[in-house]
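Undergrad: What follows is the file my_file_34.cif, containing mmCIF, C-alpha atoms:
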```cif
data_final
loop_
_atom_site.label_atom_id
_atom_site.label_comp_id
_atom_site.auth_asym_id
_atom_site.auth_seq_id
_atom_site.Cartn_x
_atom_site.Cartn_y
_atom_site.Cartn_z
CA MET A 1429 189.91 107.44 138.78
CA ASN A 1430 191.11 110.54 136.95
CA ASN A 1431 187.76 112.30 136.54
CA GLU A 1432 189.16 114.94 134.19
CA ILE A 1433 190.32 112.35 131.65
CA PHE A 1434 187.08 110.41 132.13
CA GLN A 1435 185.04 113.49 131.22
CA GLN A 1436 187.27 114.01 128.16
CA ALA A 1437 186.54 110.43 127.13
CA ARG A 1438 182.80 110.98 127.52
CA ALA A 1439 182.96 114.14 125.45
CA ALA A 1440 184.94 112.39 122.70
CA TYR A 1441 182.40 109.56 122.64
CA ALA A 1442 179.50 112.01 122.45
CA SER A 1443 181.15 113.69 119.45
CA ARG A 1444 181.61 110.28 117.80
CA ASN A 1445 185.38 110.38 118.08
CA TYR A 1446 185.48 106.80 119.28
CA GLU A 1447 189.20 106.27 118.87
CA ALA A 1448 189.94 109.27 121.09
CA ALA A 1449 187.34 108.07 123.60
CA LEU A 1450 188.91 104.61 123.61
CA GLY A 1451 192.36 106.07 124.27
CA ALA A 1452 191.09 108.28 127.09
CA TYR A 1453 189.16 105.48 128.81
CA THR A 1454 192.22 103.24 128.53
CA GLN A 1455 194.37 106.03 130.01
CA CYS A 1456 191.98 106.26 132.97
CA LEU A 1457 192.28 102.53 133.46
CA GLN A 1458 196.09 102.62 133.42
CA ASP A 1459 196.59 105.83 135.46
CA VAL A 1460 198.23 104.54 138.65
CA SER A 1461 198.33 108.04 140.12
CA HIS A 1462 194.56 107.94 140.50
CA PRO A 1463 193.53 104.62 142.12
CA LEU A 1464 190.21 103.17 141.01
CA ALA A 1465 187.32 103.12 143.44
CA PRO A 1466 185.09 100.01 143.74
CA GLY A 1467 183.11 99.52 140.53
CA GLU A 1468 185.19 101.93 138.46
CA MET A 1469 187.20 99.18 136.78
CA GLY A 1470 183.98 97.57 135.55
CA LEU A 1471 182.68 100.96 134.42
CA LEU A 1472 185.83 101.72 132.41
CA TYR A 1473 185.90 98.32 130.74
CA HIS A 1474 182.21 98.79 129.96
CA GLN A 1475 182.92 102.09 128.19
CA ILE A 1476 185.95 100.62 126.42
CA GLY A 1477 183.70 97.85 125.12
CA ASN A 1478 181.24 100.46 123.86
CA CYS A 1479 184.00 102.24 121.94
CA LEU A 1480 185.25 98.98 120.42
CA VAL A 1481 181.76 98.10 119.22
CA LYS A 1482 181.49 101.51 117.57
CA LEU A 1483 184.79 100.70 115.85
CA ASP A 1484 183.39 97.32 114.71
CA ASP A 1485 185.94 95.37 116.75
CA TYR A 1486 183.52 92.91 118.31
CA ASN A 1487 186.09 90.38 119.50
CA GLU A 1488 187.96 92.98 121.53
CA ALA A 1489 184.65 94.40 122.72
CA ILE A 1490 183.70 90.98 124.07
CA HIS A 1491 187.03 90.84 125.91
CA ALA A 1492 186.41 94.29 127.43
CA TYR A 1493 182.85 93.49 128.49
CA THR A 1494 184.01 90.22 130.01
CA GLN A 1495 186.55 92.17 132.07
CA ALA A 1496 183.71 94.43 133.20
CA THR A 1497 181.68 91.44 134.40
CA ALA A 1498 184.70 90.26 136.39
CA ASP A 1499 184.39 93.35 138.61
CA SER A 1500 181.96 92.13 141.26
CA THR A 1501 181.56 95.66 142.63
CA TYR A 1502 180.20 96.99 139.32
CA ASP A 1503 176.44 96.65 139.49
CA ALA A 1504 175.46 97.17 135.83
CA VAL A 1505 175.26 93.40 135.27
CA GLY A 1506 172.20 93.56 133.02
CA ALA A 1507 173.57 96.31 130.80
CA VAL A 1508 176.99 94.70 130.34
CA ASN A 1509 175.54 91.28 129.56
CA TYR A 1510 173.08 92.80 127.11
CA ASN A 1511 176.00 94.42 125.31
CA LEU A 1512 177.93 91.14 125.45
CA GLY A 1513 174.97 89.37 123.89
CA MET A 1514 174.74 91.94 121.10
CA ALA A 1515 178.48 91.64 120.40
CA TYR A 1516 178.24 87.85 120.20
CA ALA A 1517 175.20 88.13 117.94
CA ALA A 1518 177.12 90.49 115.65
CA LEU A 1519 179.64 87.65 115.26
CA HIS A 1520 176.75 85.21 114.58
CA ASP A 1521 177.48 83.33 117.82
CA TYR A 1522 173.83 83.12 118.80
CA GLU A 1523 174.23 80.47 121.47
CA ASP A 1524 176.52 82.71 123.54
CA ALA A 1525 174.35 85.70 122.72
CA VAL A 1526 171.28 84.00 124.21
CA ARG A 1527 173.26 83.01 127.30
CA HIS A 1528 174.18 86.63 128.05
CA PHE A 1529 170.69 87.94 127.27
CA GLU A 1530 169.36 85.47 129.83
CA ILE A 1531 171.81 86.82 132.42
CA SER A 1532 170.74 90.34 131.51
CA VAL A 1533 167.01 89.78 132.09
CA SER A 1534 167.76 88.03 135.39
CA ASP A 1535 169.29 91.25 136.78
CA ALA A 1536 166.58 92.96 138.85
CA LYS A 1537 168.43 96.29 138.53
CA TYR A 1538 168.36 96.22 134.73
CA ASP A 1539 165.63 98.70 133.82
CA THR A 1540 165.07 97.84 130.14
CA PRO A 1541 164.62 94.06 130.02
CA HIS A 1542 162.38 94.36 126.94
CA LYS A 1543 165.51 95.13 124.91
CA ALA A 1544 167.25 91.97 126.06
CA TYR A 1545 164.10 89.90 125.53
CA SER A 1546 163.71 91.24 121.98
CA ALA A 1547 167.36 90.61 121.16
CA MET A 1548 167.11 87.16 122.72
CA GLY A 1549 164.08 86.38 120.55
CA SER A 1550 165.95 87.40 117.41
CA ALA A 1551 168.93 85.21 118.33
CA LEU A 1552 166.65 82.26 119.10
CA LEU A 1553 164.97 82.66 115.70
CA LYS A 1554 168.40 82.42 114.14
CA LEU A 1555 168.88 79.15 116.03
CA GLY A 1556 165.55 77.86 114.70
CA LYS A 1557 163.97 77.82 118.17
CA SER A 1558 160.64 79.40 117.31
CA ALA A 1559 158.80 78.50 120.51
CA GLU A 1560 161.58 79.81 122.76
CA ALA A 1561 161.79 82.94 120.60
CA GLY A 1562 158.04 83.39 121.04
CA VAL A 1563 158.44 83.30 124.82
CA ALA A 1564 161.11 86.01 124.60
CA PHE A 1565 159.12 88.28 122.26
CA ARG A 1566 156.04 87.80 124.42
CA GLN A 1567 158.01 88.95 127.48
CA ALA A 1568 159.23 91.97 125.53
CA ALA A 1569 155.67 92.85 124.49
CA LEU A 1570 154.34 92.51 128.05
CA ASP A 1571 157.12 94.56 129.64
CA GLU A 1572 155.42 97.67 131.05
CA GLY A 1573 158.63 99.61 130.47
CA ASN A 1574 158.57 98.89 126.75
CA PRO A 1575 157.51 102.15 125.07
CA ASP A 1576 156.98 100.36 121.74
CA PRO A 1577 155.84 96.73 121.85
CA THR A 1578 155.05 96.80 118.13
CA LYS A 1579 158.20 95.08 116.94
CA ALA A 1580 157.93 92.44 119.65
CA LEU A 1581 154.34 91.75 118.57
CA LEU A 1582 155.36 91.51 114.92
CA ASN A 1583 158.10 89.04 115.75
CA LEU A 1584 155.79 87.11 118.06
CA GLY A 1585 153.40 86.71 115.13
CA ILE A 1586 156.22 85.31 113.05
CA CYS A 1587 156.92 82.78 115.80
CA PHE A 1588 153.27 81.75 116.01
CA MET A 1589 153.23 81.17 112.25
CA ALA A 1590 156.33 79.00 112.52
CA LEU A 1591 154.64 77.11 115.37
CA ASP A 1592 151.64 76.35 113.11
CA ARG A 1593 149.41 78.63 115.20
CA PRO A 1594 148.10 81.15 112.62
CA ALA A 1595 145.13 82.17 114.78
CA ASP A 1596 147.50 83.33 117.51
CA ALA A 1597 149.62 85.06 114.88
CA VAL A 1598 146.50 86.98 113.81
CA THR A 1599 145.95 88.02 117.44
CA SER A 1600 149.54 89.20 117.75
CA TYR A 1601 149.43 91.21 114.51
CA GLU A 1602 146.04 92.72 115.36
CA SER A 1603 147.36 93.72 118.79
CA ALA A 1604 150.27 95.51 117.13
CA LEU A 1605 147.77 97.59 115.15
CA GLN A 1606 146.81 99.37 118.37
CA PHE A 1607 150.04 101.33 118.12
CA ASP A 1608 151.06 104.05 115.73
CA MET A 1609 154.02 103.18 113.54
CA PRO A 1610 155.82 104.25 110.36
CA ALA A 1611 154.00 103.50 107.12
CA ALA A 1612 156.63 100.98 105.99
CA THR A 1613 156.26 99.01 109.23
CA LYS A 1614 152.47 99.13 109.00
CA ASN A 1615 152.57 97.82 105.42
CA LYS A 1616 154.70 94.86 106.44
CA LEU A 1617 152.37 94.24 109.34
CA PHE A 1618 149.29 94.17 107.10
CA ALA A 1619 151.06 91.81 104.67
CA ASN A 1620 151.93 89.44 107.52
CA LEU A 1621 148.38 89.69 108.82
CA GLY A 1622 147.05 88.82 105.37
CA GLN A 1623 149.16 85.66 105.25
CA ALA A 1624 148.01 84.68 108.73
CA TYR A 1625 144.37 85.17 107.70
CA VAL A 1626 144.94 82.94 104.65
CA ALA A 1627 146.42 80.27 106.90
CA CYS A 1628 143.25 80.51 109.01
CA GLY A 1629 141.03 80.31 105.93
CA GLN A 1630 139.61 83.84 106.49
CA MET A 1631 139.94 84.97 102.89
CA GLN A 1632 137.86 88.17 102.96
CA LYS A 1633 139.88 89.48 105.89
CA ALA A 1634 143.06 88.42 104.10
CA VAL A 1635 142.12 90.44 101.01
CA THR A 1636 141.38 93.50 103.17
CA ALA A 1637 144.73 93.19 104.95
CA PHE A 1638 146.72 92.75 101.74
CA GLU A 1639 144.97 95.72 100.14
CA SER A 1640 145.78 97.81 103.22
CA ALA A 1641 149.45 96.88 102.77
CA LEU A 1642 149.33 97.99 99.13
CA ALA A 1643 147.13 101.05 99.62
CA ASP A 1644 149.86 103.73 99.58
CA LYS A 1645 151.55 102.07 96.57
CA THR A 1646 154.97 102.12 98.24
CA TYR A 1647 155.02 98.50 99.37
CA PHE A 1648 155.41 95.36 97.27
CA LEU A 1649 154.36 91.94 98.48
CA SER A 1650 156.93 89.18 98.73
CA ASP A 1651 156.50 86.22 96.39
CA SER A 1652 154.85 84.07 99.05
CA ALA A 1653 152.58 86.91 100.18
CA ASN A 1654 151.58 87.63 96.58
CA VAL A 1655 150.64 83.97 96.08
CA ASP A 1656 148.48 84.12 99.21
CA TYR A 1657 146.91 87.38 98.05
CA GLN A 1658 145.91 85.89 94.70
CA ARG A 1659 144.60 82.80 96.45
CA ALA A 1660 142.50 84.91 98.79
CA VAL A 1661 141.14 87.03 95.93
CA GLY A 1662 140.23 83.88 94.01
CA SER A 1663 138.47 82.40 97.02
CA VAL A 1664 136.45 85.56 97.62
CA ALA A 1665 135.52 85.76 93.93
CA SER A 1666 134.32 82.15 93.96
CA GLY A 1667 132.26 82.67 97.10
CA THR A 1668 134.47 80.64 99.43
CA SER A 1669 135.83 83.52 101.52
CA GLU A 1670 135.43 81.54 104.75
CA MET A 1671 137.05 78.14 104.62
CA THR A 1672 139.36 75.89 106.51
CA ALA A 1673 143.08 76.52 106.41
CA ILE A 1674 144.52 75.67 103.01
CA MET A 1675 148.20 76.12 103.65
CA SER A 1676 150.68 74.99 106.22
CA PRO A 1677 152.59 77.88 107.73
CA ILE A 1678 155.42 75.68 108.92
CA GLY A 1679 158.55 77.13 107.45
CA ALA A 1680 156.64 80.35 106.73
CA ASP A 1681 158.28 83.21 104.89
CA MET A 1682 160.22 85.21 107.46
CA SER A 1683 160.70 88.24 105.21
CA GLY A 1684 157.92 90.11 107.01
CA LEU A 1685 160.10 90.73 110.06
CA ASP A 1686 160.20 94.45 110.58
CA VAL A 1687 163.62 94.19 112.20
CA PRO A 1688 166.06 91.69 110.68
CA ALA A 1689 166.65 88.94 113.19
CA ASP A 1690 170.36 88.85 112.50
CA GLY A 1691 171.43 90.12 115.89
CA THR A 1692 173.52 92.96 114.53
CA PRO A 1693 173.47 96.15 116.62
CA ALA A 1694 171.18 98.86 115.30
CA TYR A 1695 172.32 102.38 116.03
CA PRO A 1696 170.05 105.43 115.82
CA ALA A 1697 171.03 108.55 113.94
CA ASP A 1698 171.87 110.31 117.19
CA ASP A 1699 173.46 108.12 119.83
CA PRO A 1700 171.22 108.08 122.93
CA TYR A 1701 174.08 106.98 125.13
CA ALA A 1702 174.06 108.57 128.54
CA TYR A 1703 176.19 107.90 131.58
CA GLY A 1704 174.50 105.36 133.81
CA ASN A 1705 172.51 103.90 130.91
CA PRO A 1706 175.18 102.78 128.41
CA GLN A 1707 173.12 99.94 126.99
CA ASP A 1708 171.11 102.51 125.01
CA ALA A 1709 174.06 102.74 122.66
CA TYR A 1710 172.99 99.45 121.15
CA TYR A 1711 169.28 99.39 120.58
CA TYR A 1712 166.78 102.20 120.76
CA ASN A 1713 163.21 102.67 119.61
CA GLU A 1714 161.36 105.93 119.17
CA PRO A 1715 157.97 105.43 120.88
CA TYR A 1716 155.15 105.08 118.39
CA GLY A 1717 152.46 106.35 120.73
CA ALA A 1718 149.22 104.56 121.64
CA GLU A 1719 146.67 105.55 119.02
CA ALA A 1720 144.38 102.59 118.33
CA MET A 1721 143.66 101.54 114.78
CA PRO A 1722 139.89 101.53 114.05
CA GLY A 1723 138.15 98.43 112.79
CA TYR A 1724 140.28 95.88 114.67
CA ALA A 1725 139.39 94.42 118.03
CA PRO A 1726 142.14 92.00 119.05
CA ASP A 1727 141.58 89.61 121.88
CA ASP A 1728 144.06 88.66 124.59
CA ARG A 1729 144.40 84.94 123.98
CA PHE A 1730 148.13 84.95 123.53
CA PHE A 1731 148.63 87.39 126.41
CA ASN A 1732 146.89 84.88 128.67
CA ALA A 1733 149.12 82.03 127.54
CA SER A 1734 151.69 81.08 130.11
CA ASP A 1735 155.36 80.44 129.48
CA GLU A 1736 154.63 76.80 130.28
CA GLU A 1737 152.06 76.68 127.47
CA LEU A 1738 154.49 78.11 124.97
CA GLU A 1739 157.11 75.65 126.16
CA GLN A 1740 154.53 72.90 125.78
CA TRP A 1741 153.99 73.98 122.16
CA SER A 1742 157.73 73.73 121.72
CA LYS A 1743 157.70 70.23 123.18
CA GLY A 1744 154.81 69.36 120.89
CA LEU A 1745 156.78 70.46 117.85
CA ALA A 1746 159.79 68.53 119.07
CA LYS A 1747 157.58 65.48 119.55
CA GLN A 1748 156.20 65.91 116.02
CA ASP A 1749 159.75 66.17 114.72
CA ARG A 1750 160.71 63.03 116.62
CA LYS A 1751 157.66 61.26 115.23
CA ARG A 1752 158.58 62.33 111.71
CA ARG A 1753 162.14 61.16 112.28
CA ASN A 1754 160.92 57.91 113.89
CA VAL A 1755 158.53 57.28 111.02
CA GLY A 1756 161.38 57.76 108.59
CA LEU A 1757 163.58 55.46 110.66
CA LYS A 1758 160.86 52.82 110.86
CA ILE A 1759 160.34 53.00 107.10
CA LEU A 1760 164.08 52.62 106.60
CA VAL A 1761 164.22 49.63 108.97
CA VAL A 1762 161.26 47.98 107.25
CA PHE A 1763 162.81 48.68 103.84
CA ILE A 1764 166.12 47.14 104.91
CA ALA A 1765 164.29 44.16 106.44
CA LEU A 1766 162.39 43.59 103.20
CA ILE A 1767 165.61 43.76 101.23
CA LEU A 1768 167.24 41.22 103.56
CA ILE A 1769 164.21 38.95 103.32
CA ALA A 1770 164.26 39.25 99.53
CA LEU A 1771 167.98 38.50 99.46
CA ALA A 1772 167.52 35.50 101.75
CA ALA A 1773 164.67 34.23 99.58
CA GLY A 1774 166.77 34.76 96.48
CA VAL A 1775 169.70 32.84 97.96
CA PHE A 1776 167.41 29.99 98.97
CA LEU A 1777 165.81 29.81 95.54
CA PHE A 1778 169.26 29.98 93.91
CA THR A 1779 170.46 26.99 95.92
CA GLN A 1780 167.31 25.10 94.91
CA GLY A 1781 168.11 25.53 91.25
CA TYR A 1782 165.75 28.36 90.41
CA GLY A 1783 166.91 31.00 87.98
CA TYR A 1784 165.97 33.35 85.17
CA PRO A 1785 165.59 32.23 82.53
CA SER A 1786 164.54 28.92 84.09
CA GLN A 1787 165.54 25.46 82.88
CA GLU A 1788 162.05 24.95 81.47
CA THR A 1789 162.21 28.18 79.47
CA VAL A 1790 165.60 27.30 77.97
CA VAL A 1791 164.51 23.77 77.05
CA ALA A 1792 161.26 25.02 75.46
CA GLU A 1793 163.24 27.56 73.41
CA LEU A 1794 165.67 24.88 72.26
CA PHE A 1795 162.99 22.53 70.95
CA ALA A 1796 160.72 25.22 69.55
CA ASP A 1797 163.33 26.26 66.99
CA PRO A 1798 166.69 24.48 67.38
CA GLU A 1799 168.54 26.42 64.67
CA ALA A 1800 167.43 29.82 65.90
CA ALA A 1801 168.11 28.90 69.53
CA SER A 1802 171.61 27.62 68.95
CA SER A 1803 173.23 30.98 69.60
CA SER A 1804 171.31 31.78 72.79
CA VAL A 1805 170.60 28.61 74.76
CA PHE A 1806 173.98 26.87 74.77
CA ALA A 1807 176.71 27.55 77.31
CA LYS A 1808 179.68 29.61 76.15
CA ASP A 1809 182.22 26.84 76.71
CA VAL A 1810 180.38 24.48 74.30
CA SER A 1811 182.16 24.55 70.96
CA GLU A 1812 180.32 25.35 67.75
CA ASP A 1813 181.06 21.92 66.31
CA LYS A 1814 179.60 20.22 69.33
CA VAL A 1815 176.54 22.47 69.19
CA GLN A 1816 175.90 21.51 65.56
CA SER A 1817 176.45 17.84 66.37
CA MET A 1818 173.85 17.98 69.15
CA LEU A 1819 171.37 19.99 67.08
CA ALA A 1820 171.53 17.39 64.33
CA GLN A 1821 169.70 14.95 66.56
CA VAL A 1822 167.16 17.38 68.03
CA THR A 1823 163.63 17.11 66.73
CA ALA A 1824 161.90 20.46 66.47
CA ASP A 1825 158.69 20.39 68.49
CA PRO A 1826 157.17 23.59 69.95
CA SER A 1827 155.00 21.34 72.12
CA ALA A 1828 157.82 19.20 73.50
CA THR A 1829 157.03 17.76 76.93
CA ILE A 1830 159.36 17.89 79.91
CA ASP A 1831 158.87 14.56 81.63
CA GLY A 1832 161.07 15.27 84.59
CA MET A 1833 163.68 17.62 86.02
CA ASN A 1834 166.56 17.08 88.42
CA LYS A 1835 167.60 20.47 89.83
CA SER A 1836 170.57 21.59 91.90
CA MET A 1837 172.30 24.92 92.50
CA SER A 1838 174.78 24.68 89.60
CA GLU A 1839 173.62 21.78 87.40
CA SER A 1840 170.27 20.46 86.23
CA THR A 1841 169.00 17.66 84.01
CA ALA A 1842 165.76 17.72 82.00
CA TYR A 1843 164.09 14.71 80.42
CA VAL A 1844 162.18 15.74 77.31
CA THR A 1845 159.84 13.98 74.87
CA ALA A 1846 159.47 15.48 71.38
CA LYS A 1847 157.12 14.30 68.67
CA THR A 1848 158.31 13.75 65.11
CA ALA A 1849 156.43 14.83 62.00
CA ASP A 1850 155.10 11.28 61.39
CA GLY A 1851 153.75 10.96 64.95
CA GLY A 1852 156.63 9.15 66.58
CA GLU A 1853 158.30 10.17 69.85
CA VAL A 1854 161.93 10.83 70.67
CA GLN A 1855 163.22 11.21 74.21
CA TYR A 1856 166.17 13.39 75.22
CA GLU A 1857 168.34 14.03 78.22
CA VAL A 1858 169.25 17.72 78.32
CA SER A 1859 172.00 18.82 80.70
CA LEU A 1860 172.09 22.44 81.84
CA VAL A 1861 174.62 24.52 83.77
CA ARG A 1862 174.22 27.72 85.78
CA ASP A 1863 174.88 30.94 83.84
CA VAL A 1864 175.00 33.72 86.47
CA ILE A 1865 171.34 33.66 87.59
CA GLY A 1866 169.95 31.76 84.62
CA TRP A 1867 170.64 28.48 82.78
CA LYS A 1868 172.30 27.31 79.57
CA VAL A 1869 172.37 23.98 77.78
CA SER A 1870 175.65 22.07 78.10
CA SER A 1871 174.67 18.89 76.28
CA VAL A 1872 171.77 17.16 74.50
CA GLU A 1873 171.67 13.38 74.22
CA LEU A 1874 169.14 10.82 73.12
CA TYR A 1875 167.62 9.13 76.14
CA PHE A 1876 166.52 5.53 76.30
CA ALA A 1877 164.58 4.87 79.46
CA SER A 1878 165.11 1.09 79.28
CA GLN A 1879 168.85 1.50 79.30
CA ASN A 1880 168.75 3.76 82.34
CA GLN A 1881 166.55 1.62 84.51
CA SER A 1882 168.31 -0.02 87.41
#
```
For the file at hand, write its structure as structure tokens.
TA:
Amino acid sequence: MNNEIFQQARAAYASRNYEAALGAYTQCLQDVSHPLAPGEMGLLYHQIGNCLVKLDDYNEAIHAYTQATADSTYDAVGAVNYNLGMAYAALHDYEDAVRHFEISVSDAKYDTPHKAYSAMGSALLKLGKSAEAGVAFRQAALDEGNPDPTKALLNLGICFMALDRPADAVTSYESALQFDMPAATKNKLFANLGQAYVACGQMQKAVTAFESALADKTYFLSDSANVDYQRAVGSVASGTSEMTAIMSPIGADMSGLDVPADGTPAYPADDPYAYGNPQDAYYYNEPYGAEAMPGYAPDDRFFNASDEELEQWSKGLAKQDRKRRNVGLKILVVFIALILIALAAGVFLFTQGYGYPSQETVVAELFADPEAASSSVFAKDVSEDKVQSMLAQVTADPSATIDGMNKSMSESTAYVTAKTADGGEVQYEVSLVRDVIGWKVSSVELYFASQNQS
């Protein structure tokens, strides 16, 4: 490799002249007069990828990093795959981002796995995988090489809230308070802690946490946090500062994340890139120090939880989701079955002559007030003249008796006895036809039982 041009490329990169650096690295790669030693092709593609990211060309950066991984003699596997993951995350391809972060943390030579674990957690949150994200943030927090586990602890608390484990979220947030941090971060932390306390029913502690967030008057609570604050204040005022959880944190407000979980690279004001540690060009934290915050004594419950336990929580959530889906499916199946049963019953009743209005209702209406019923009880195909002819022989009797009824699906016959004003009786044969689901009168005739006996 042409070392002179390589050093020019490094100098251009350090001075933020990324286009010049890109050209020089590319020239090194293409300089046939200086053959590349083992691993130098991967190194050059790695640096080309770095320049492309600085120029916001993530697609080409991915291509360059992929070329770097193809060089089996280049041993910066963890760093290159971390950068690949960040480039994919910048394009909102979180599935591929997670895949490369996993490769990164599996590289024993990669000396800053907490960065890959934190980035992996953010990508998993974007995919809605809160339990898996919690595992990643927990690994980042436990990494002895992590100079600032605060952000990992904050994000872990978010995951615990999403997993309906507010007590563990409290532990995570309280653990983060052991570290010094900027005032803005601390305010967000106290606000998150207040919401976790509310979810645990510890209202006095919630009020204290919220007031700590608001103490310097530079921070404003989110809508959901403000609702919880007012709820906690009301509970304390009414003497119910210790109570069971009164809210479900599932789907909790994620606005308390100190670092947006959008996967986009975050660059410091002065690029900490150094040869041999190029991954620092993508994510860097100033150490907060280790000054403990007085008044808080966090326990180590979540530190003692194994990956298997967190995965079990994830399986539990998945099982709950399946149950919810199965319950919905069962309700749908039962609903459909009831509809089918109702339809079958309706069809059966229809074939047996049942309808609405029924034959009995139509006949009773006809005899109760023949003139008034003429327009509503007769079938449409019965002419007006015929209707008047039939009504002329109908005796009005609101108490007319139906002596018998022959029913079928489309036609029915009713035998009716009506009493006259002087106490006599007149018998009728009333024929009815189906009218959609109900019945209408098609004819009314005097009925003489003696003439119809066989």
Undergrad: Find the residues near Leu1621 in chain A: any atom within 12 Å, counting only C-alpha atoms, skip ones fewer than 4 places away on the same chain, and give them as a PyMOL selection string.
TA: chain A and resi 1581-1583+1585-1586+1588-1589+1594-1605+1614-1617+1625-1628+1630-1631+1633-1641+1653+1656-1657+1684-1685+1724
Undergrad: What would the selection look like, as a ChimeraX atom specification, if the PyMOL selection byres ((chain A and resi 1433) around 8) were run on the coordinates I just shared?
TA: /A:1430-1432,1434-1437,1452-1453,1455-1456
Undergrad: Here's the selection I'm unsure about, the PyMOL selection byres ((chain A and resi 1468-1485) around 6); applied to the file above, which residues does it give, as a list in words?
TA: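 For this structure, the PyMOL selection byres ((chain A and resi 1468-1485) around 6) captures Tyr1446, Leu1450, Leu1464, Ala1465, Pro1466, Gly1467, Tyr1486, Asn1487, Glu1488, Ala1489, Ala1492, Tyr1493, Ala1496, Asp1499 and Tyr1502 of chain A.
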Undergrad: Expressed in Å to a single decimal, how great is the separation between CA of Gln1458 in chain A and CA of Gln1495 in chain A?
TA: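 Atom-to-atom, CA of Gln1458 in chain A and CA of Gln1495 in chain A are spaced 14.2 Å apart.
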Undergrad: Measuring atom to atom with all atoms listed in the file, identify which of A:Gln1606, A:Thr1613, A:Ser1534, A:Thr1540 is nearest to Lys1579 in chain A.
TA: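 Using all atoms listed in the file, Lys1579 in chain A sits closest to A:Thr1613.
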Undergrad: Measure the distance from CA of Ala1792 in chain A to CA of Trp1867 in chain A in Å and round it to one decimal.
TA: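 Between CA of Ala1792 in chain A and CA of Trp1867 in chain A the gap works out to 12.4 Å.
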Undergrad: May I have the residues within 12 Å of Ala1820 in chain A as a list of chain:residue names, using all atoms listed in the file and disregarding those fewer than 4 positions away in the same chain?
TA: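 The residues that qualify are A:Phe1795, A:Pro1798, A:Glu1799, A:Ser1802, A:Asp1813, A:Lys1814, A:Val1815, A:Gln1816, A:Ala1824, A:Val1872, A:Glu1873, A:Leu1874.
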Undergrad: I'd like the neighbourhood of Glu1839 in chain A as a PyMOL selection string, where a residue qualifies if any of its atoms comes within 7 Å (using all atoms listed in the file), though same-chain residues fewer than 3 positions away should be ignored.
TA: chain A and resi 1835-1836+1860-1862
Undergrad: Quick check, in Å to one decimal: how far apart do CA of Asp1459 in chain A and CA of Val1508 in chain A lie?
TA: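 Taking CA of Asp1459 in chain A and CA of Val1508 in chain A, their separation equals 23.1 Å.
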